[in-house]
Amino acid sequence: MTKQYDALFFDVDNTILDFTKTEQEALPLLFSQHGLPTDEAAMTAYRTINQRLWSSFEKGEINRDTVVSSRFTEFFALYDKQVDGADLDNAYRELLAQGRHMIAGAAEVLEKLSKDYPLYIVTNGVSDTQFRRLKATGLLPYFQSVFVSEDTGYQKPMAGFFDYVFERVPGIEPERSLIIGDSLVADIQGGNMAGMDTCWFNPGRLPNHLPLHPDYEITTLEELLSILRENAVNL
């Protein structure tokens, strides 16, 4: 594909910030504070609940508040503990916000790209947490604007999310934009429906079992520089 883009749109978690590493530090702290196991079985049980709820959120079946409160209520119930899910989520987010883990090459790649393209964040999640993490890692200044599902009233991949975004980036059209993210549903499907080109960040080389076809697939962020450079040269 040969195409010059007017703007680049990045997902946050496990695309530029390493949410997995941050979570691996935050969850054991939270669980140990409440007398729960911190072994791999406990982590797997929590992640199964969490992933199911976020998947339902992406499909529009439940709202964000239900996700972030129910996941802890359900998980603690496995150990016969009744908790206030919202309070637990607040404590968890305080721990998450302290995370400064970045995907390899993120700072260097964003610094280079910001010289040639306007960069934007498009992410599902909680606004305060995402902003704090971006500030803590020093990545926030590279972006023109940050769009978080909590603020838009919609979530990726919903059309309403992308409509909200493009109404607020004057002069930038979806068909001249590229979205980069790790989620085939939230980022690739969402980008496709919005009329954007899509780049699947897939460092784990996971198989694609969905009827979705990203325009590009990369395993490192540095590969994005090569793709954009090649497109510019070939025009």
# chains A, B, ... in the order shown; residues from 1 in each chain; ligands from 1

call {"tool": "select_by_dssp", "arguments": {"residues": "stretch 63-180 of chain A", "states": "helix (DSSP H, G or I)", "output": "PyMOL selection string"}}
result
chain A and resi 64-77+85-96+106-113+127-137+140-142+149-152+159-166+174-176

call {"tool": "select_by_dssp", "arguments": {"residues": "stretch 18-234 of chain A", "states": "strand (DSSP E or B)", "output": "ChimeraX atom specification"}}
result
/A:102,119-123,145-148,177-181,197-201,216-218

call {"tool": "closest_atom_pairs", "arguments": {"of": "stretch 54-82 of chain A", "to": "stretch 41-49 of chain A", "cutoff": "12 Å", "atoms": "only C-alpha atoms", "output": "Markdown table"}}
result
| residue | atom | partner | partner_atom | distance |
| --- | --- | --- | --- | --- |
| A:Trp54 | CA | A:Ile49 | CA | 8.8 |
| A:Ser55 | CA | A:Ile49 | CA | 10.0 |
| A:Ser56 | CA | A:Ile49 | CA | 10.9 |
| A:Val67 | CA | A:Ile49 | CA | 9.5 |
| A:Val68 | CA | A:Ile49 | CA | 10.8 |
| A:Ser69 | CA | A:Ile49 | CA | 11.5 |
| A:Ser70 | CA | A:Ile49 | CA | 8.9 |
| A:Arg71 | CA | A:Ile49 | CA | 6.1 |
| A:Phe72 | CA | A:Tyr46 | CA | 8.0 |
| A:Thr73 | CA | A:Ile49 | CA | 10.2 |
| A:Glu74 | CA | A:Ile49 | CA | 7.5 |
| A:Phe75 | CA | A:Tyr46 | CA | 5.9 |
| A:Phe76 | CA | A:Tyr46 | CA | 9.0 |
| A:Ala77 | CA | A:Tyr46 | CA | 11.0 |
| A:Leu78 | CA | A:Ala45 | CA | 8.9 |
| A:Tyr79 | CA | A:Ala42 | CA | 10.0 |

call {"tool": "closest_residue", "arguments": {"among": "A:Phe131, A:Phe31, A:Phe19, A:Phe147", "to": "A:Phe166", "atoms": "only C-alpha atoms"}}
result
A:Phe147

call {"tool": "atom_distance", "arguments": {"atom1": "atom CA of A:Ala159", "atom2": "atom CA of A:Tyr5"}}
result
20.7 Å

call {"tool": "residues_around", "arguments": {"residues": "A:Gln155", "least_positions_apart": "4", "cutoff": "7 Å", "atoms": "only C-alpha atoms", "output": "ChimeraX atom specification"}}
result
/A:58,124,149,161

call {"tool": "closest_residue", "arguments": {"among": "A:Pro28, A:Gly195, A:Pro141, A:Gly99", "to": "A:Glu173", "atoms": "only C-alpha atoms"}}
result
A:Gly195

call {"tool": "closest_residue", "arguments": {"among": "A:Arg168, A:Lys156, A:His209, A:Glu223", "to": "A:Val185", "atoms": "only C-alpha atoms"}}
result
A:Lys156

call {"tool": "closest_residue", "arguments": {"among": "A:His34, A:Lys21, A:Arg229, A:Lys135", "to": "A:Ile103", "atoms": "only C-alpha atoms"}}
result
A:Lys21

call {"tool": "closest_residue", "arguments": {"among": "A:Val169, A:Leu206, A:Ile218, A:Leu212", "to": "A:Asp187", "atoms": "only C-alpha atoms"}}
result
A:Leu212

call {"tool": "residues_around", "arguments": {"residues": "A:Tyr117", "least_positions_apart": "2", "cutoff": "10 Å", "atoms": "only C-alpha atoms", "output": "mmCIF file with all heavy atoms, in the first residue's frame"}}
result
data_model
loop_
_atom_site.group_PDB
_atom_site.id
_atom_site.type_symbol
_atom_site.label_atom_id
_atom_site.label_comp_id
_atom_site.auth_asym_id
_atom_site.auth_seq_id
_atom_site.Cartn_x
_atom_site.Cartn_y
_atom_site.Cartn_z
ATOM 1 N N TYR A 5 -0.225 9.783 5.151
ATOM 2 C CA TYR A 5 -1.259 10.052 6.148
ATOM 3 C C TYR A 5 -1.130 11.466 6.696
ATOM 4 O O TYR A 5 -0.025 12.008 6.831
ATOM 5 C CB TYR A 5 -1.173 9.026 7.278
ATOM 6 C CG TYR A 5 -1.426 7.624 6.785
ATOM 7 C CD1 TYR A 5 -0.370 6.725 6.622
ATOM 8 C CD2 TYR A 5 -2.713 7.210 6.448
ATOM 9 C CE1 TYR A 5 -0.599 5.444 6.141
ATOM 10 C CE2 TYR A 5 -2.950 5.929 5.967
ATOM 11 C CZ TYR A 5 -1.893 5.060 5.815
ATOM 12 O OH TYR A 5 -2.119 3.797 5.331
ATOM 13 N N ASP A 6 -2.282 12.037 7.025
ATOM 14 C CA ASP A 6 -2.327 13.373 7.600
ATOM 15 C C ASP A 6 -2.243 13.342 9.120
ATOM 16 O O ASP A 6 -1.925 14.363 9.744
ATOM 17 C CB ASP A 6 -3.614 14.100 7.187
ATOM 18 C CG ASP A 6 -3.661 14.382 5.692
ATOM 19 O OD1 ASP A 6 -2.574 14.447 5.062
ATOM 20 O OD2 ASP A 6 -4.763 14.539 5.145
ATOM 21 N N ALA A 7 -2.541 12.181 9.723
ATOM 22 C CA ALA A 7 -2.513 12.072 11.182
ATOM 23 C C ALA A 7 -2.432 10.604 11.581
ATOM 24 O O ALA A 7 -2.879 9.713 10.848
ATOM 25 C CB ALA A 7 -3.752 12.707 11.802
ATOM 26 N N LEU A 8 -1.867 10.373 12.772
ATOM 27 C CA LEU A 8 -1.755 9.025 13.324
ATOM 28 C C LEU A 8 -2.480 8.980 14.661
ATOM 29 O O LEU A 8 -2.339 9.882 15.489
ATOM 30 C CB LEU A 8 -0.283 8.651 13.528
ATOM 31 C CG LEU A 8 0.642 8.795 12.317
ATOM 32 C CD1 LEU A 8 2.076 8.435 12.717
ATOM 33 C CD2 LEU A 8 0.169 7.936 11.159
ATOM 34 N N LEU A 110 7.692 7.794 18.992
ATOM 35 C CA LEU A 110 6.755 8.911 19.066
ATOM 36 C C LEU A 110 7.471 10.250 18.872
ATOM 37 O O LEU A 110 6.932 11.168 18.237
ATOM 38 C CB LEU A 110 6.018 8.888 20.402
ATOM 39 C CG LEU A 110 5.035 7.729 20.580
ATOM 40 C CD1 LEU A 110 4.494 7.704 22.007
ATOM 41 C CD2 LEU A 110 3.895 7.807 19.580
ATOM 42 N N LYS A 112 10.074 10.822 17.025
ATOM 43 C CA LYS A 112 10.345 10.974 15.592
ATOM 44 C C LYS A 112 9.071 11.266 14.813
ATOM 45 O O LYS A 112 9.039 12.165 13.962
ATOM 46 C CB LYS A 112 11.024 9.698 15.062
ATOM 47 C CG LYS A 112 12.433 9.489 15.587
ATOM 48 C CD LYS A 112 13.027 8.178 15.085
ATOM 49 C CE LYS A 112 14.425 7.963 15.651
ATOM 50 N NZ LYS A 112 15.006 6.661 15.217
ATOM 51 N N LEU A 113 8.024 10.534 15.104
ATOM 52 C CA LEU A 113 6.774 10.713 14.361
ATOM 53 C C LEU A 113 6.151 12.077 14.611
ATOM 54 O O LEU A 113 5.539 12.662 13.709
ATOM 55 C CB LEU A 113 5.783 9.613 14.746
ATOM 56 C CG LEU A 113 6.130 8.200 14.281
ATOM 57 C CD1 LEU A 113 5.095 7.211 14.813
ATOM 58 C CD2 LEU A 113 6.194 8.133 12.750
ATOM 59 N N SER A 114 6.301 12.586 15.827
ATOM 60 C CA SER A 114 5.679 13.865 16.173
ATOM 61 C C SER A 114 6.256 15.031 15.376
ATOM 62 O O SER A 114 5.641 16.094 15.292
ATOM 63 C CB SER A 114 5.815 14.148 17.674
ATOM 64 O OG SER A 114 7.172 14.339 18.033
ATOM 65 N N LYS A 115 7.411 14.827 14.768
ATOM 66 C CA LYS A 115 8.018 15.872 13.949
ATOM 67 C C LYS A 115 7.378 15.948 12.567
ATOM 68 O O LYS A 115 7.485 16.981 11.887
ATOM 69 C CB LYS A 115 9.518 15.620 13.820
ATOM 70 C CG LYS A 115 10.271 15.687 15.142
ATOM 71 C CD LYS A 115 11.729 15.322 14.971
ATOM 72 C CE LYS A 115 12.469 15.364 16.308
ATOM 73 N NZ LYS A 115 13.887 14.945 16.182
ATOM 74 N N LEU A 119 -0.161 13.662 16.218
ATOM 75 C CA LEU A 119 -0.445 12.382 16.866
ATOM 76 C C LEU A 119 -1.602 12.555 17.845
ATOM 77 O O LEU A 119 -1.700 13.567 18.534
ATOM 78 C CB LEU A 119 0.787 11.874 17.618
ATOM 79 C CG LEU A 119 2.106 11.783 16.852
ATOM 80 C CD1 LEU A 119 3.205 11.227 17.758
ATOM 81 C CD2 LEU A 119 1.968 10.943 15.594
ATOM 82 N N TYR A 120 -2.451 11.541 17.914
ATOM 83 C CA TYR A 120 -3.607 11.569 18.804
ATOM 84 C C TYR A 120 -3.710 10.244 19.547
ATOM 85 O O TYR A 120 -3.309 9.201 19.036
ATOM 86 C CB TYR A 120 -4.907 11.809 18.021
ATOM 87 C CG TYR A 120 -4.949 13.139 17.319
ATOM 88 C CD1 TYR A 120 -4.498 13.260 16.010
ATOM 89 C CD2 TYR A 120 -5.418 14.284 17.964
ATOM 90 C CE1 TYR A 120 -4.515 14.488 15.351
ATOM 91 C CE2 TYR A 120 -5.452 15.511 17.315
ATOM 92 C CZ TYR A 120 -4.995 15.603 16.018
ATOM 93 O OH TYR A 120 -5.015 16.823 15.382
ATOM 94 N N PHE A 143 1.385 14.269 21.954
ATOM 95 C CA PHE A 143 0.043 14.149 21.385
ATOM 96 C C PHE A 143 -0.701 15.471 21.369
ATOM 97 O O PHE A 143 -0.664 16.241 22.329
ATOM 98 C CB PHE A 143 -0.753 13.095 22.161
ATOM 99 C CG PHE A 143 -0.151 11.725 22.046
ATOM 100 C CD1 PHE A 143 0.722 11.245 23.020
ATOM 101 C CD2 PHE A 143 -0.410 10.929 20.945
ATOM 102 C CE1 PHE A 143 1.315 10.001 22.901
ATOM 103 C CE2 PHE A 143 0.175 9.680 20.812
ATOM 104 C CZ PHE A 143 1.033 9.211 21.791
ATOM 105 N N GLN A 144 -1.408 15.694 20.252
ATOM 106 C CA GLN A 144 -2.209 16.902 20.103
ATOM 107 C C GLN A 144 -3.431 16.866 21.019
ATOM 108 O O GLN A 144 -3.790 17.873 21.628
ATOM 109 C CB GLN A 144 -2.689 17.038 18.651
ATOM 110 C CG GLN A 144 -1.578 17.030 17.622
ATOM 111 C CD GLN A 144 -0.745 18.295 17.650
ATOM 112 O OE1 GLN A 144 -1.295 19.382 17.760
ATOM 113 N NE2 GLN A 144 0.557 18.159 17.557
#

call {"tool": "closest_residue", "arguments": {"among": "A:Pro214, A:Gly138, A:Gly190, A:Gly171", "to": "A:Tyr154", "atoms": "only C-alpha atoms"}}
result
A:Gly190

call {"tool": "residues_around", "arguments": {"residues": "A:Thr219", "least_positions_apart": "6", "cutoff": "12 Å", "atoms": "only C-alpha atoms", "output": "PyMOL selection string"}}
result
chain A and resi 14-15+103-105+180-182+199-206

call {"tool": "write_last_selection", "arguments": {"atoms": "C-alpha atoms", "output": "mmCIF file, in the first residue's frame"}}
result
data_model
loop_
_atom_site.group_PDB
_atom_site.id
_atom_site.type_symbol
_atom_site.label_atom_id
_atom_site.label_comp_id
_atom_site.auth_asym_id
_atom_site.auth_seq_id
_atom_site.Cartn_x
_atom_site.Cartn_y
_atom_site.Cartn_z
ATOM 1 C CA ASN A 14 -0.157 -2.580 25.254
ATOM 2 C CA THR A 15 0.462 -0.333 22.269
ATOM 3 C CA ILE A 103 6.428 -0.591 25.217
ATOM 4 C CA ALA A 104 9.979 -0.906 23.867
ATOM 5 C CA GLY A 105 10.825 1.972 21.559
ATOM 6 C CA ILE A 180 -2.309 1.822 15.496
ATOM 7 C CA GLY A 181 -3.426 -0.587 18.209
ATOM 8 C CA ASP A 182 -3.146 -4.070 19.661
ATOM 9 C CA CYS A 199 -2.092 -1.100 11.769
ATOM 10 C CA TRP A 200 -2.259 -4.083 14.118
ATOM 11 C CA PHE A 201 0.481 -4.036 16.749
ATOM 12 C CA ASN A 202 1.024 -7.726 17.387
ATOM 13 C CA PRO A 203 4.317 -8.298 19.223
ATOM 14 C CA GLY A 204 3.218 -11.744 20.356
ATOM 15 C CA ARG A 205 2.541 -12.800 16.761
ATOM 16 C CA LEU A 206 -0.951 -13.919 17.740
#

call {"tool": "atom_distance", "arguments": {"atom1": "atom CA of A:Ile121", "atom2": "atom CA of A:Val12"}}
result
7.0 Å

call {"tool": "residues_around", "arguments": {"residues": "A:Leu27", "least_positions_apart": "2", "cutoff": "8 Å", "atoms": "only C-alpha atoms", "output": "list in words"}}
result
Glu23, Gln24, Glu25, Leu29, Leu30, Phe31, Thr38, Met43 and Tyr92 of chain A

call {"tool": "write_last_selection", "arguments": {"atoms": "C-alpha atoms", "output": "compact mmCIF listing (two decimals), in the first residue's frame"}}
result
# COMPACT_ATOMS: atom_id res chain seq x y z
CA GLU A 23 -0.82 -4.80 36.03
CA GLN A 24 1.65 -7.48 37.11
CA GLU A 25 2.89 -5.09 39.79
CA LEU A 29 -0.18 -5.40 45.84
CA LEU A 30 -3.93 -4.94 45.85
CA PHE A 31 -4.69 -8.59 46.56
CA THR A 38 -1.13 -13.54 44.65
CA MET A 43 -4.03 -13.69 38.53
CA TYR A 92 -6.43 -0.36 42.01
